[in-house]
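Novice: Got coords-v1.txt for you, compact mmCIF, C-alpha atoms and all ligand atoms:
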```txt
# COMPACT_ATOMS: atom_id res chain seq x y z
CA ALA Y 1 118.86 116.66 99.37
CA GLY Y 2 116.11 114.09 98.90
CA LYS Y 3 112.47 115.03 98.72
CA ARG Y 4 110.87 112.41 100.94
CA THR Y 5 111.08 111.32 104.53
CA PHE Y 6 109.26 108.83 106.73
CA THR Y 7 107.55 109.34 110.07
CA MET Y 8 105.50 107.39 112.58
CA ILE Y 9 103.06 108.83 115.07
CA LYS Y 10 104.09 106.61 117.98
CA PRO Y 11 101.73 104.74 120.38
CA ASP Y 12 101.88 107.46 123.07
CA ALA Y 13 100.76 110.26 120.74
CA PHE Y 14 98.34 108.08 118.75
CA GLY Y 15 96.73 106.75 121.94
CA ALA Y 16 96.43 110.24 123.43
CA GLY Y 17 94.50 111.45 120.38
CA ASN Y 18 97.26 113.77 119.18
CA THR Y 19 97.53 112.41 115.63
CA GLY Y 20 95.41 115.13 114.01
CA ALA Y 21 97.22 117.96 115.83
CA ILE Y 22 100.61 116.53 114.85
CA ILE Y 23 99.61 116.13 111.19
CA LYS Y 24 98.40 119.75 111.28
CA MET Y 25 101.85 120.88 112.49
CA ILE Y 26 103.47 118.78 109.74
CA GLU Y 27 101.25 120.28 107.00
CA GLU Y 28 101.68 123.82 108.32
CA ALA Y 29 105.45 123.31 108.06
CA GLY Y 30 105.03 122.70 104.33
CA PHE Y 31 105.13 118.90 104.09
CA LYS Y 32 102.74 116.98 101.79
CA LEU Y 33 101.44 113.57 102.85
CA VAL Y 34 102.13 111.06 100.07
CA ALA Y 35 101.24 107.79 101.86
CA GLY Y 36 99.74 106.89 105.22
CA LYS Y 37 98.41 103.95 107.22
CA ILE Y 38 97.33 103.10 110.74
CA THR Y 39 98.66 99.77 111.99
CA HIS Y 40 99.65 97.97 115.18
CA LEU Y 41 103.18 96.53 115.12
CA THR Y 42 103.94 93.22 116.76
CA LYS Y 43 107.03 93.17 118.97
CA GLU Y 44 108.76 91.16 116.26
CA LEU Y 45 108.01 93.74 113.55
CA ALA Y 46 109.08 96.60 115.83
CA GLY Y 47 112.31 94.68 116.37
CA LYS Y 48 112.84 94.42 112.62
CA PHE Y 49 112.12 98.11 112.05
CA TYR Y 50 114.60 99.13 114.76
CA GLU Y 51 117.15 96.40 113.99
CA VAL Y 52 119.96 99.01 113.70
CA HIS Y 53 119.49 99.65 117.44
CA LYS Y 54 119.56 95.98 118.51
CA GLU Y 55 122.78 96.30 120.50
CA ARG Y 56 121.53 99.34 122.40
CA PRO Y 57 120.50 98.94 126.06
CA PHE Y 58 117.06 100.44 125.32
CA TYR Y 59 116.24 98.10 122.39
CA GLY Y 60 113.88 95.81 124.37
CA GLU Y 61 112.08 98.75 125.92
CA LEU Y 62 111.82 100.45 122.51
CA CYS Y 63 110.29 97.35 120.87
CA ASP Y 64 107.84 96.86 123.77
CA PHE Y 65 106.74 100.48 123.53
CA MET Y 66 106.44 100.56 119.74
CA SER Y 67 104.21 97.46 119.84
CA SER Y 68 102.12 98.68 122.81
CA GLY Y 69 99.39 100.25 120.67
CA PRO Y 70 98.51 101.48 117.19
CA ILE Y 71 100.76 103.82 115.25
CA MET Y 72 100.37 105.84 112.07
CA ALA Y 73 103.09 105.47 109.41
CA ILE Y 74 103.36 108.38 106.96
CA VAL Y 75 105.57 109.25 103.97
CA LEU Y 76 106.17 113.00 103.64
CA GLU Y 77 107.38 115.14 100.78
CA LYS Y 78 109.15 118.51 100.84
CA ASP Y 79 112.40 119.96 99.56
CA ASN Y 80 115.14 118.98 102.03
CA ALA Y 81 112.58 116.68 103.71
CA VAL Y 82 114.83 114.64 106.03
CA GLU Y 83 116.68 117.57 107.57
CA ASP Y 84 113.68 119.90 107.76
CA PHE Y 85 111.54 117.22 109.36
CA ARG Y 86 114.15 116.48 112.03
CA LYS Y 87 114.15 120.19 112.85
CA LEU Y 88 110.35 120.15 113.11
CA ILE Y 89 110.26 117.16 115.49
CA GLY Y 90 113.03 118.44 117.80
CA ALA Y 91 115.51 116.61 120.00
CA THR Y 92 114.95 112.92 120.94
CA ASN Y 93 114.75 113.98 124.58
CA PRO Y 94 111.72 116.30 124.93
CA ALA Y 95 113.49 118.12 127.78
CA GLU Y 96 115.99 119.30 125.15
CA ALA Y 97 113.46 119.88 122.34
CA ALA Y 98 113.16 123.47 121.10
CA GLU Y 99 109.99 125.54 121.47
CA GLY Y 100 107.64 125.03 118.52
CA THR Y 101 108.76 121.45 117.84
CA ILE Y 102 106.44 118.44 117.84
CA ARG Y 103 108.32 116.72 120.66
CA LYS Y 104 108.26 119.88 122.78
CA ALA Y 105 104.47 119.89 122.43
CA TYR Y 106 103.65 116.17 122.63
CA ALA Y 107 106.56 113.96 123.77
CA LYS Y 108 106.60 112.55 127.31
CA SER Y 109 110.12 111.15 127.56
CA VAL Y 110 113.15 110.00 125.56
CA GLY Y 111 111.40 106.69 124.86
CA GLU Y 112 107.78 107.88 124.54
CA ASN Y 113 108.62 110.75 122.24
CA ALA Y 114 105.51 111.04 120.04
CA VAL Y 115 107.12 110.80 116.58
CA HIS Y 116 109.85 109.12 114.57
CA GLY Y 117 111.80 110.85 111.81
CA SER Y 118 114.25 109.21 109.38
CA ASP Y 119 117.88 110.30 109.84
CA SER Y 120 119.02 110.06 106.18
CA ASP Y 121 117.63 109.84 102.65
CA GLU Y 122 118.76 106.22 102.51
CA ASN Y 123 116.95 105.31 105.73
CA ALA Y 124 113.86 107.26 104.65
CA ALA Y 125 113.61 104.99 101.58
CA ILE Y 126 114.25 101.82 103.61
CA GLU Y 127 111.75 102.78 106.33
CA SER Y 128 109.06 103.83 103.82
CA SER Y 129 109.38 100.49 102.04
CA PHE Y 130 108.94 98.69 105.39
CA PHE Y 131 105.30 99.92 105.41
CA PHE Y 132 104.44 100.87 101.83
CA SER Y 133 104.84 99.54 98.32
CA LYS Y 134 105.75 102.17 95.72
CA PHE Y 135 102.19 101.85 94.41
CA GLU Y 136 100.87 103.12 97.76
CA GLU Y 137 102.84 106.37 97.54
CA ILE Y 138 101.48 109.19 95.39
CA ALA Y 139 103.80 109.53 92.39
P1 LIG Y 201 113.44 107.27 117.01
O1 LIG Y 201 113.87 108.51 116.32
O2 LIG Y 201 112.15 106.67 116.66
O3 LIG Y 201 114.58 106.14 116.81
C1 LIG Y 201 115.19 105.44 117.85
C2 LIG Y 201 114.42 105.56 119.12
O4 LIG Y 201 115.03 105.00 120.26
C3 LIG Y 201 114.28 107.02 119.46
O5 LIG Y 201 113.37 107.61 118.58
C4 LIG Y 201 113.85 106.97 120.91
O6 LIG Y 201 112.46 106.95 121.07
C5 LIG Y 201 114.44 105.65 121.37
N1 LIG Y 201 115.44 105.90 122.38
C6 LIG Y 201 116.57 106.57 122.22
N2 LIG Y 201 117.25 106.63 123.40
C7 LIG Y 201 116.48 105.97 124.30
C8 LIG Y 201 116.63 105.68 125.67
N3 LIG Y 201 117.69 106.09 126.36
N4 LIG Y 201 115.63 104.99 126.28
C9 LIG Y 201 114.55 104.56 125.57
N5 LIG Y 201 114.37 104.81 124.26
C10 LIG Y 201 115.32 105.51 123.63
```
Re-express the file's structure as structure tokens.

Specialist:
Amino acid sequence: AGKRTFTMIKPDAFGAGNTGAIIKMIEEAGFKLVAGKITHLTKELAGKFYEVHKERPFYGELCDFMSSGPIMAIVLEKDNAVEDFRKLIGATNPAEAAEGTIRKAYAKSVGENAVHGSDSDENAAIESSFFFSKFEEIA
């Protein structure tokens, strides 16, 4: 399994001041931060990031939400990073998220669900390169 994954602290969690608490959960779970930046996506950029979902009924809502306020983009490193991080964030729908997960603690709904996590090593690399050059990630 690959060693890196990509996450975003989404506008709901960033705006609520939960970024520090979420990063603390991430570090306590054994992940190292290897790149990070705070930015505010335009609707167009959010649309590009989530292009794989463009045929989904929630695509417009998703792009509106992801451009509604600042986010923090972070590259994380750990053995088995992609799979372990998806366990740490919990189910997309916070009503189904397990106790101890980030979404159980901080997500509001299926759309406003506090954090993103890449679903494969390939997508982790693609999503990281959307925000960071290789020179911005710690070697
Ligand atoms: P994320 O893991 O960032 O990737 C795709 C996102 O689409 C997902 O998190 C959810 O926030 C969002 N999403 C999935 N299903 C729905 C839905 N039914 N309504 C709104 N947003 C959704």

Novice: Ranking Y:Glu77, Y:Asp64, Y:Glu112, Y:Glu55 by minimum distance to ligand LIG 201 (chain Y) and counting all atoms listed in the file, which one comes first?

Specialist: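 That would be Y:Glu112, the residue with the smallest distance to ligand LIG 201 (chain Y).
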
Novice: Around the point (98.2, 115.1, 112.7), in the coordinates given by the file, pick out the residues reaching within 12 Å, counting only C-alpha atoms, and return them as an MDAnalysis selection string.

Specialist: chainID Y and resid 7:10 13:14 16:29 31:33 36 71:74 102 106 114:115

Novice: Please check which protein, DNA or RNA residues sit within 6 Å of ligand LIG 201 (chain Y), counting all atoms listed in the file, and write them as a PyMOL selection string.

Specialist: chain Y and resi 58+62+110-113+116-117

Novice: Could you please determine the separation between atom CA of Y:Phe135 and atom CA of Y:Lys37 in Å, to one decimal place?

Specialist: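 Here the two named atoms are 13.5 Å from each other.
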
Novice: Compute the distance from (114.6, 117.4, 108.3) to each atom, counting all atoms listed in the file, keep the residues with any atom at most 12 Å away, and return them as a VMD selection string; use the coordinates of the file.

Specialist: chain Y and resid 1 to 7 26 29 to 31 76 to 91 101 116 to 121 124

Novice: Give me, as a PDB file with C-alpha atoms, keeping the file's coordinate frame, all polymer residues having an atom no more than 12 Å from Y:Leu45, counting all atoms listed in the file and skipping those fewer than 6 positions away in the same chain.

Specialist:
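Output file around_35.pdb follows:
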```pdb
ATOM      1  CA  THR Y  39      98.660  99.770 111.990  1.00  0.00           C
ATOM      2  CA  GLU Y  51     117.150  96.400 113.990  1.00  0.00           C
ATOM      3  CA  LEU Y  62     111.820 100.450 122.510  1.00  0.00           C
ATOM      4  CA  CYS Y  63     110.290  97.350 120.870  1.00  0.00           C
ATOM      5  CA  ASP Y  64     107.840  96.860 123.770  1.00  0.00           C
ATOM      6  CA  MET Y  66     106.440 100.560 119.740  1.00  0.00           C
ATOM      7  CA  SER Y  67     104.210  97.460 119.840  1.00  0.00           C
ATOM      8  CA  PHE Y 130     108.940  98.690 105.390  1.00  0.00           C
ATOM      9  CA  PHE Y 131     105.300  99.920 105.410  1.00  0.00           C
TER      10      PHE Y 131
END
```

Novice: Would you mind reading off the distance between atom CA of Y:Asn123 and atom CA of Y:Val75, one decimal, in Å?

Specialist: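 The value is 12.2 Å.
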
Novice: Dump stretch 24-107 of chain Y with C-alpha atoms to a file, as a short mmCIF file (atom, residue, chain, number, x, y, z; two decimals), in the first residue's frame.

Specialist:
```
data_model
loop_
_atom_site.label_atom_id
_atom_site.label_comp_id
_atom_site.auth_asym_id
_atom_site.auth_seq_id
_atom_site.Cartn_x
_atom_site.Cartn_y
_atom_site.Cartn_z
CA LYS Y 24 -4.66 16.67 16.44
CA MET Y 25 -6.80 13.56 15.77
CA ILE Y 26 -4.86 12.96 12.54
CA GLU Y 27 -1.46 13.23 14.29
CA GLU Y 28 -2.58 11.10 17.23
CA ALA Y 29 -3.56 8.40 14.72
CA GLY Y 30 0.07 8.29 13.55
CA PHE Y 31 -0.01 10.40 10.38
CA LYS Y 32 2.76 12.90 9.57
CA LEU Y 33 1.92 16.15 7.78
CA VAL Y 34 4.15 16.50 4.71
CA ALA Y 35 2.49 19.50 2.99
CA GLY Y 36 -0.30 21.90 3.90
CA LYS Y 37 -1.99 25.09 2.73
CA ILE Y 38 -5.05 27.18 3.47
CA THR Y 39 -6.89 28.37 0.38
CA HIS Y 40 -10.36 29.32 -0.84
CA LEU Y 41 -11.51 27.40 -3.93
CA THR Y 42 -13.55 29.11 -6.61
CA LYS Y 43 -16.61 27.19 -7.79
CA GLU Y 44 -14.73 26.45 -11.00
CA LEU Y 45 -11.74 24.94 -9.16
CA ALA Y 46 -14.02 22.91 -6.89
CA GLY Y 47 -15.68 21.62 -10.06
CA LYS Y 48 -12.31 20.58 -11.45
CA PHE Y 49 -11.27 18.85 -8.23
CA TYR Y 50 -14.54 16.89 -8.10
CA GLU Y 51 -14.81 16.34 -11.86
CA VAL Y 52 -15.21 12.55 -11.36
CA HIS Y 53 -18.56 13.33 -9.69
CA LYS Y 54 -19.87 15.66 -12.42
CA GLU Y 55 -22.74 13.37 -13.43
CA ARG Y 56 -23.92 12.96 -9.84
CA PRO Y 57 -27.10 14.78 -8.72
CA PHE Y 58 -25.21 16.42 -5.83
CA TYR Y 59 -22.36 17.82 -7.98
CA GLY Y 60 -23.67 21.43 -8.07
CA GLU Y 61 -24.35 21.43 -4.35
CA LEU Y 62 -20.92 19.91 -3.66
CA CYS Y 63 -19.12 22.59 -5.73
CA ASP Y 64 -21.13 25.40 -4.10
CA PHE Y 65 -20.30 24.08 -0.65
CA MET Y 66 -16.60 23.47 -1.33
CA SER Y 67 -16.24 27.06 -2.60
CA SER Y 68 -18.31 28.59 0.24
CA GLY Y 69 -15.31 29.35 2.47
CA PRO Y 70 -11.65 28.58 3.09
CA ILE Y 71 -10.34 25.03 3.29
CA MET Y 72 -7.06 23.48 4.36
CA ALA Y 73 -5.42 21.01 1.95
CA ILE Y 74 -2.96 18.57 3.55
CA VAL Y 75 -0.76 15.70 2.34
CA LEU Y 76 -0.35 12.96 4.95
CA GLU Y 77 2.13 10.15 5.33
CA LYS Y 78 1.78 6.80 7.11
CA ASP Y 79 2.08 3.14 6.20
CA ASN Y 80 -1.19 2.10 4.53
CA ALA Y 81 -2.15 5.81 4.47
CA VAL Y 82 -5.19 5.74 2.16
CA GLU Y 83 -7.01 2.90 3.89
CA ASP Y 84 -6.09 3.91 7.44
CA PHE Y 85 -7.14 7.50 6.82
CA ARG Y 86 -10.53 6.46 5.45
CA LYS Y 87 -11.04 4.44 8.64
CA LEU Y 88 -10.10 7.49 10.73
CA ILE Y 89 -12.54 9.82 8.95
CA GLY Y 90 -15.50 7.39 9.03
CA ALA Y 91 -18.49 7.00 6.74
CA THR Y 92 -19.49 9.80 4.31
CA ASN Y 93 -22.79 10.11 6.14
CA PRO Y 94 -22.01 11.19 9.74
CA ALA Y 95 -25.13 9.33 10.94
CA GLU Y 96 -23.32 6.13 9.90
CA ALA Y 97 -19.83 7.17 11.06
CA ALA Y 98 -18.29 5.03 13.82
CA GLU Y 99 -17.51 6.37 17.28
CA GLY Y 100 -14.02 7.88 17.43
CA THR Y 101 -13.99 8.96 13.78
CA ILE Y 102 -13.48 12.55 12.61
CA ARG Y 103 -16.87 12.69 10.89
CA LYS Y 104 -18.63 11.33 13.98
CA ALA Y 105 -17.11 14.20 15.95
CA TYR Y 106 -17.32 17.07 13.45
CA ALA Y 107 -19.47 16.35 10.37
#
```
